[in-house]
$ cat work03.cif   # mmCIF, C-alpha atoms
data_entry
loop_
_atom_site.group_PDB
_atom_site.id
_atom_site.type_symbol
_atom_site.label_atom_id
_atom_site.label_comp_id
_atom_site.auth_asym_id
_atom_site.auth_seq_id
_atom_site.Cartn_x
_atom_site.Cartn_y
_atom_site.Cartn_z
ATOM 1 C CA MET A 1 -25.445 -2.762 3.486
ATOM 2 C CA CYS A 2 -22.600 -3.557 1.148
ATOM 3 C CA ALA A 3 -23.457 -4.008 -2.533
ATOM 4 C CA MET A 4 -20.995 -6.902 -2.766
ATOM 5 C CA ALA A 5 -22.133 -10.163 -4.256
ATOM 6 C CA THR A 6 -22.398 -12.907 -1.653
ATOM 7 C CA ILE A 7 -20.139 -15.899 -1.902
ATOM 8 C CA ASP A 8 -21.343 -19.426 -1.238
ATOM 9 C CA LYS A 9 -19.347 -20.587 1.800
ATOM 10 C CA ALA A 10 -19.006 -24.045 0.272
ATOM 11 C CA SER A 11 -16.980 -22.556 -2.583
ATOM 12 C CA LYS A 12 -14.398 -20.958 -0.267
ATOM 13 C CA GLY A 13 -10.964 -21.961 -1.414
ATOM 14 C CA ALA A 14 -12.331 -23.523 -4.596
ATOM 15 C CA ARG A 15 -10.345 -22.839 -7.732
ATOM 16 C CA PRO A 16 -12.223 -21.885 -10.879
ATOM 17 C CA ARG A 17 -12.433 -24.704 -13.405
ATOM 18 C CA GLY A 18 -12.879 -24.333 -17.138
ATOM 19 C CA ALA A 19 -14.238 -21.349 -18.999
ATOM 20 C CA ALA A 20 -17.193 -19.207 -17.935
ATOM 21 C CA SER A 21 -20.408 -19.437 -19.881
ATOM 22 C CA ALA A 22 -21.371 -16.620 -22.224
ATOM 23 C CA ALA A 23 -24.163 -15.675 -19.793
ATOM 24 C CA ALA A 24 -21.711 -15.489 -16.886
ATOM 25 C CA VAL A 25 -19.431 -13.240 -18.926
ATOM 26 C CA ARG A 26 -22.348 -10.950 -19.906
ATOM 27 C CA THR A 27 -23.532 -10.595 -16.311
ATOM 28 C CA HIS A 28 -20.076 -10.297 -14.764
ATOM 29 C CA ALA A 29 -20.061 -7.143 -12.637
ATOM 30 C CA PRO A 30 -16.462 -6.284 -11.714
ATOM 31 C CA GLU A 31 -17.633 -3.381 -9.536
ATOM 32 C CA GLN A 32 -19.004 -5.997 -7.112
ATOM 33 C CA LEU A 33 -15.680 -7.805 -6.741
ATOM 34 C CA ILE A 34 -13.712 -7.205 -3.544
ATOM 35 C CA THR A 35 -10.491 -6.957 -5.557
ATOM 36 C CA PHE A 36 -11.984 -4.341 -7.869
ATOM 37 C CA ARG A 37 -13.469 -2.242 -5.062
ATOM 38 C CA VAL A 38 -10.338 -2.316 -2.928
ATOM 39 C CA SER A 39 -8.223 -1.430 -5.965
ATOM 40 C CA VAL A 40 -10.474 1.522 -6.829
ATOM 41 C CA LEU A 41 -10.390 2.751 -3.226
ATOM 42 C CA SER A 42 -6.622 2.311 -3.098
ATOM 43 C CA GLN A 43 -6.195 4.373 -6.276
ATOM 44 C CA LEU A 44 -8.525 7.068 -4.961
ATOM 45 C CA LEU A 45 -6.731 7.321 -1.621
ATOM 46 C CA SER A 46 -3.363 7.327 -3.389
ATOM 47 C CA ARG A 47 -4.505 10.245 -5.561
ATOM 48 C CA LEU A 48 -5.690 12.053 -2.422
ATOM 49 C CA VAL A 49 -2.254 11.641 -0.848
ATOM 50 C CA ASP A 50 -0.589 12.596 -4.149
ATOM 51 C CA VAL A 51 -2.474 15.901 -4.285
ATOM 52 C CA SER A 52 -1.774 16.658 -0.645
ATOM 53 C CA VAL A 53 1.945 15.880 -0.613
ATOM 54 C CA LYS A 54 2.519 17.425 -4.048
ATOM 55 C CA GLN A 55 0.987 20.736 -2.998
ATOM 56 C CA ALA A 56 2.495 20.883 0.474
ATOM 57 C CA LEU A 57 5.837 19.100 0.063
ATOM 58 C CA ASP A 58 6.534 18.733 -3.676
ATOM 59 C CA LEU A 59 6.620 14.937 -3.337
ATOM 60 C CA THR A 60 4.732 12.040 -4.912
ATOM 61 C CA SER A 61 2.717 9.650 -2.764
ATOM 62 C CA ARG A 62 5.349 6.954 -3.391
ATOM 63 C CA GLN A 63 8.133 9.257 -2.217
ATOM 64 C CA TRP A 64 6.087 10.165 0.861
ATOM 65 C CA ARG A 65 5.399 6.481 1.605
ATOM 66 C CA VAL A 66 9.103 5.616 1.436
ATOM 67 C CA LEU A 67 9.940 8.521 3.764
ATOM 68 C CA VAL A 68 7.331 7.578 6.377
ATOM 69 C CA ILE A 69 8.369 3.920 6.242
ATOM 70 C CA LEU A 70 12.050 4.833 6.637
ATOM 71 C CA ASN A 71 11.066 7.040 9.552
ATOM 72 C CA ARG A 72 9.247 4.075 11.098
ATOM 73 C CA LEU A 73 12.018 1.505 10.415
ATOM 74 C CA GLY A 74 15.143 3.621 10.712
ATOM 75 C CA PRO A 75 17.998 2.997 8.266
ATOM 76 C CA SER A 76 16.869 -0.017 6.246
ATOM 77 C CA SER A 77 17.596 -2.067 3.193
ATOM 78 C CA SER A 78 15.647 -1.190 0.085
ATOM 79 C CA GLY A 79 14.197 -4.723 0.269
ATOM 80 C CA ASP A 80 12.775 -4.091 3.745
ATOM 81 C CA VAL A 81 11.283 -0.812 2.550
ATOM 82 C CA ALA A 82 9.802 -2.543 -0.502
ATOM 83 C CA ARG A 83 8.112 -5.156 1.712
ATOM 84 C CA MET A 84 6.681 -2.536 4.076
ATOM 85 C CA CYS A 85 5.462 -0.330 1.214
ATOM 86 C CA SER A 86 4.221 -3.268 -0.875
ATOM 87 C CA PHE A 87 6.364 -2.010 -3.746
ATOM 88 C CA ASP A 88 8.638 -4.051 -5.927
ATOM 89 C CA HIS A 89 12.365 -3.546 -5.506
ATOM 90 C CA SER A 90 12.710 -1.512 -8.713
ATOM 91 C CA GLN A 91 10.050 0.960 -7.527
ATOM 92 C CA VAL A 92 11.919 1.523 -4.262
ATOM 93 C CA SER A 93 15.211 1.930 -6.123
ATOM 94 C CA ARG A 94 13.666 4.539 -8.424
ATOM 95 C CA VAL A 95 12.018 6.426 -5.546
ATOM 96 C CA ALA A 96 15.215 6.247 -3.465
ATOM 97 C CA PHE A 97 17.172 7.743 -6.367
ATOM 98 C CA GLU A 98 14.601 10.585 -6.682
ATOM 99 C CA LEU A 99 14.701 11.224 -2.929
ATOM 100 C CA ALA A 100 18.503 11.164 -2.905
ATOM 101 C CA GLU A 101 18.529 13.770 -5.696
ATOM 102 C CA LYS A 102 16.304 15.950 -3.474
ATOM 103 C CA GLY A 103 18.669 15.445 -0.521
ATOM 104 C CA LEU A 104 16.025 13.528 1.451
ATOM 105 C CA VAL A 105 17.676 10.101 1.748
ATOM 106 C CA THR A 106 21.167 8.721 1.702
ATOM 107 C CA GLN A 107 21.958 5.541 -0.192
ATOM 108 C CA GLY A 108 24.720 3.384 1.170
ATOM 109 C CA HIS A 109 25.728 -0.245 1.275
ATOM 110 C CA ASP A 110 25.498 -2.740 4.101
ATOM 111 C CA SER A 111 29.002 -3.337 5.493
ATOM 112 C CA ALA A 112 28.261 -7.079 5.796
ATOM 113 C CA ASP A 113 26.762 -7.409 2.310
ATOM 114 C CA ARG A 114 27.834 -4.799 -0.245
ATOM 115 C CA ARG A 115 24.980 -5.889 -2.569
ATOM 116 C CA ARG A 116 22.391 -4.644 -0.065
ATOM 117 C CA GLN A 117 21.443 -0.998 -0.491
ATOM 118 C CA VAL A 118 20.747 0.758 2.818
ATOM 119 C CA LEU A 119 18.539 3.842 2.848
ATOM 120 C CA ALA A 120 18.481 6.451 5.596
ATOM 121 C CA LEU A 121 16.703 9.735 6.202
ATOM 122 C CA THR A 122 18.520 13.054 6.169
ATOM 123 C CA PRO A 123 17.879 16.047 8.436
ATOM 124 C CA ALA A 124 16.002 17.664 5.510
ATOM 125 C CA SER A 125 13.644 14.682 5.267
ATOM 126 C CA LEU A 126 12.996 14.786 8.996
ATOM 127 C CA GLU A 127 11.948 18.428 8.635
ATOM 128 C CA LEU A 128 9.709 17.495 5.699
ATOM 129 C CA LEU A 129 8.110 14.758 7.821
ATOM 130 C CA ARG A 130 7.450 17.315 10.567
ATOM 131 C CA GLN A 131 5.614 19.416 7.971
ATOM 132 C CA GLY A 132 3.739 16.514 6.340
ATOM 133 C CA VAL A 133 2.657 14.316 9.237
ATOM 134 C CA PRO A 134 -0.057 16.712 10.486
ATOM 135 C CA ALA A 135 -1.871 16.496 7.113
ATOM 136 C CA SER A 136 -1.491 12.717 7.150
ATOM 137 C CA LEU A 137 -3.010 12.529 10.618
ATOM 138 C CA ALA A 138 -5.814 14.903 9.586
ATOM 139 C CA ARG A 139 -6.681 12.659 6.588
ATOM 140 C CA GLN A 140 -6.680 9.637 8.872
ATOM 141 C CA GLU A 141 -8.929 11.368 11.403
ATOM 142 C CA ARG A 142 -11.406 12.500 8.761
ATOM 143 C CA LEU A 143 -11.648 9.004 7.277
ATOM 144 C CA ARG A 144 -12.030 7.453 10.753
ATOM 145 C CA GLN A 145 -14.754 9.946 11.649
ATOM 146 C CA ARG A 146 -16.635 9.002 8.492
ATOM 147 C CA LEU A 147 -16.727 5.393 9.681
ATOM 148 C CA GLY A 148 -17.137 5.913 13.414
ATOM 149 C CA GLU A 149 -15.303 3.800 15.986
ATOM 150 C CA GLU A 150 -17.359 0.619 15.615
ATOM 151 C CA ASP A 151 -17.228 0.561 11.811
ATOM 152 C CA TYR A 152 -13.535 1.482 11.867
ATOM 153 C CA ALA A 153 -12.781 -1.496 14.124
ATOM 154 C CA ALA A 154 -14.822 -3.766 11.810
ATOM 155 C CA PHE A 155 -13.034 -2.299 8.774
ATOM 156 C CA CYS A 156 -9.625 -3.054 10.325
ATOM 157 C CA ARG A 157 -10.689 -6.629 11.105
ATOM 158 C CA ALA A 158 -11.952 -7.036 7.522
ATOM 159 C CA LEU A 159 -8.686 -5.643 6.089
ATOM 160 C CA ASP A 160 -6.665 -8.011 8.276
ATOM 161 C CA ALA A 161 -8.782 -10.996 7.200
ATOM 162 C CA LEU A 162 -8.610 -10.078 3.511
ATOM 163 C CA THR A 163 -4.869 -9.426 3.695
ATOM 164 C CA ASP A 164 -4.314 -12.813 5.302
ATOM 165 C CA GLU A 165 -6.526 -14.587 2.753
ATOM 166 C CA ALA A 166 -4.899 -12.800 -0.197
ATOM 167 C CA GLN A 167 -1.435 -13.771 1.081
ATOM 168 C CA GLN A 168 -2.561 -17.391 1.390
ATOM 169 C CA MET A 169 -4.071 -17.336 -2.094
ATOM 170 C CA LEU A 170 -0.892 -15.841 -3.527
ATOM 171 C CA ALA A 171 1.243 -18.455 -1.780
ATOM 172 C CA GLN A 172 -1.033 -21.234 -3.126
ATOM 173 C CA SER A 173 -0.734 -19.836 -6.634
ATOM 174 C CA GLY A 174 3.059 -19.923 -6.410
ATOM 175 C CA GLY A 175 3.332 -16.143 -6.716
ATOM 176 C CA PRO A 176 5.762 -13.998 -4.738
ATOM 177 C CA GLY A 177 4.587 -13.366 -1.212
#
$ encode --input "work03.cif" --output "structure tokens"
Amino acid sequence: MCAMATIDKASKGARPRGAASAAAVRTHAPEQLITFRVSVLSQLLSRLVDVSVKQALDLTSRQWRVLVILNRLGPSSSGDVARMCSFDHSQVSRVAFELAEKGLVTQGHDSADRRRQVLALTPASLELLRQGVPASLARQERLRQRLGEEDYAAFCRALDALTDEAQQMLAQSGGPG
């Protein structure tokens, strides 16, 4: 059973109004918030990947993420990579520069739009992916085994639902989506 606080279904989509009472502030338990828990898990998993790719490949988790996304997309604009990685454009630019210095990506310009930076993998990065993907798959398998097939399927449905809701909430707030 999840230790999450339950949410009154009638309040779904309601926007908070006014300030919280002193009692509500005193009893506020951030560790029960979905956003807090997902953020903590995300940080923990990111550190796990950081340790793994640093030791095996001398990369950061962000560098690894950009490489695997470029491998999935093929040569792509830094904007497309940013969207797939859920990074901002400046993060992708910084990581692309670091990877280019290591000889793992090329940075070019789109022939139709010289303002668009196009990133592509190099043969060296493809070899690095061949070395790193087995550890990535092993992490995935271990985490899936911990959940079992039924819980994993439920987890994926929950992630999809929360992702969709968060995107809607962000769009309603006027934030970038």
$ closest_atom_pairs --input "work03.cif" --of "range 28-129 of chain A" --to "range 143-167 of chain A" --cutoff "10 Å" --atoms "all atoms listed in the file" --output "JSON lines"
{"residue": "A:Ile34", "atom": "CA", "partner": "A:Leu162", "partner_atom": "CA", "distance": 9.2}
{"residue": "A:Thr35", "atom": "CA", "partner": "A:Ala166", "partner_atom": "CA", "distance": 9.7}
{"residue": "A:Val38", "atom": "CA", "partner": "A:Leu159", "partner_atom": "CA", "distance": 9.8}
$ closest_atom_pairs --input "work03.cif" --of "range 51-104 of chain A" --to "range 110-125 of chain A" --cutoff "9 Å" --atoms "only C-alpha atoms" --output "Markdown table"
| residue | atom | partner | partner_atom | distance |
| --- | --- | --- | --- | --- |
| A:Leu67 | CA | A:Leu121 | CA | 7.3 |
| A:Leu70 | CA | A:Ala120 | CA | 6.7 |
| A:Asn71 | CA | A:Leu121 | CA | 7.1 |
| A:Gly74 | CA | A:Ala120 | CA | 6.7 |
| A:Pro75 | CA | A:Ala120 | CA | 4.4 |
| A:Ser76 | CA | A:Val118 | CA | 5.2 |
| A:Ser77 | CA | A:Val118 | CA | 4.2 |
| A:Ser78 | CA | A:Gln117 | CA | 5.8 |
| A:Gly79 | CA | A:Gln117 | CA | 8.2 |
| A:Val81 | CA | A:Leu119 | CA | 8.6 |
| A:Ser93 | CA | A:Gln117 | CA | 8.9 |
| A:Ala96 | CA | A:Leu119 | CA | 7.5 |
| A:Leu99 | CA | A:Ser125 | CA | 9.0 |
| A:Gly103 | CA | A:Ala124 | CA | 7.0 |
| A:Leu104 | CA | A:Ser125 | CA | 4.6 |
$ resolve_selection --input "work03.cif" --expression "the PyMOL selection byres ((chain A and resi 84) around 10)" --output "PyMOL selection string"
chain A and resi 65-66+69-70+72-73+78-83+85-87
$ closest_residue --input "work03.cif" --among "A:Lys54, A:Arg139, A:His28, A:Arg62" --to "Gln91 in chain A" --atoms "only C-alpha atoms"
A:Arg62
$ resolve_selection --input "work03.cif" --expression "the PyMOL selection byres ((chain A and resi 49) around 12)" --output "JSON, numbers by chain"
{"A": [42, 43, 44, 45, 46, 47, 48, 50, 51, 52, 53, 54, 55, 56, 57, 58, 59, 60, 61, 62, 63, 64, 65, 132, 133, 135, 136, 137, 138, 139, 140]}
$ closest_residue --input "work03.cif" --among "A:Ala19, A:Thr27, A:Leu128, A:Arg142" --to "Lys102 in chain A" --atoms "all atoms listed in the file"
A:Leu128
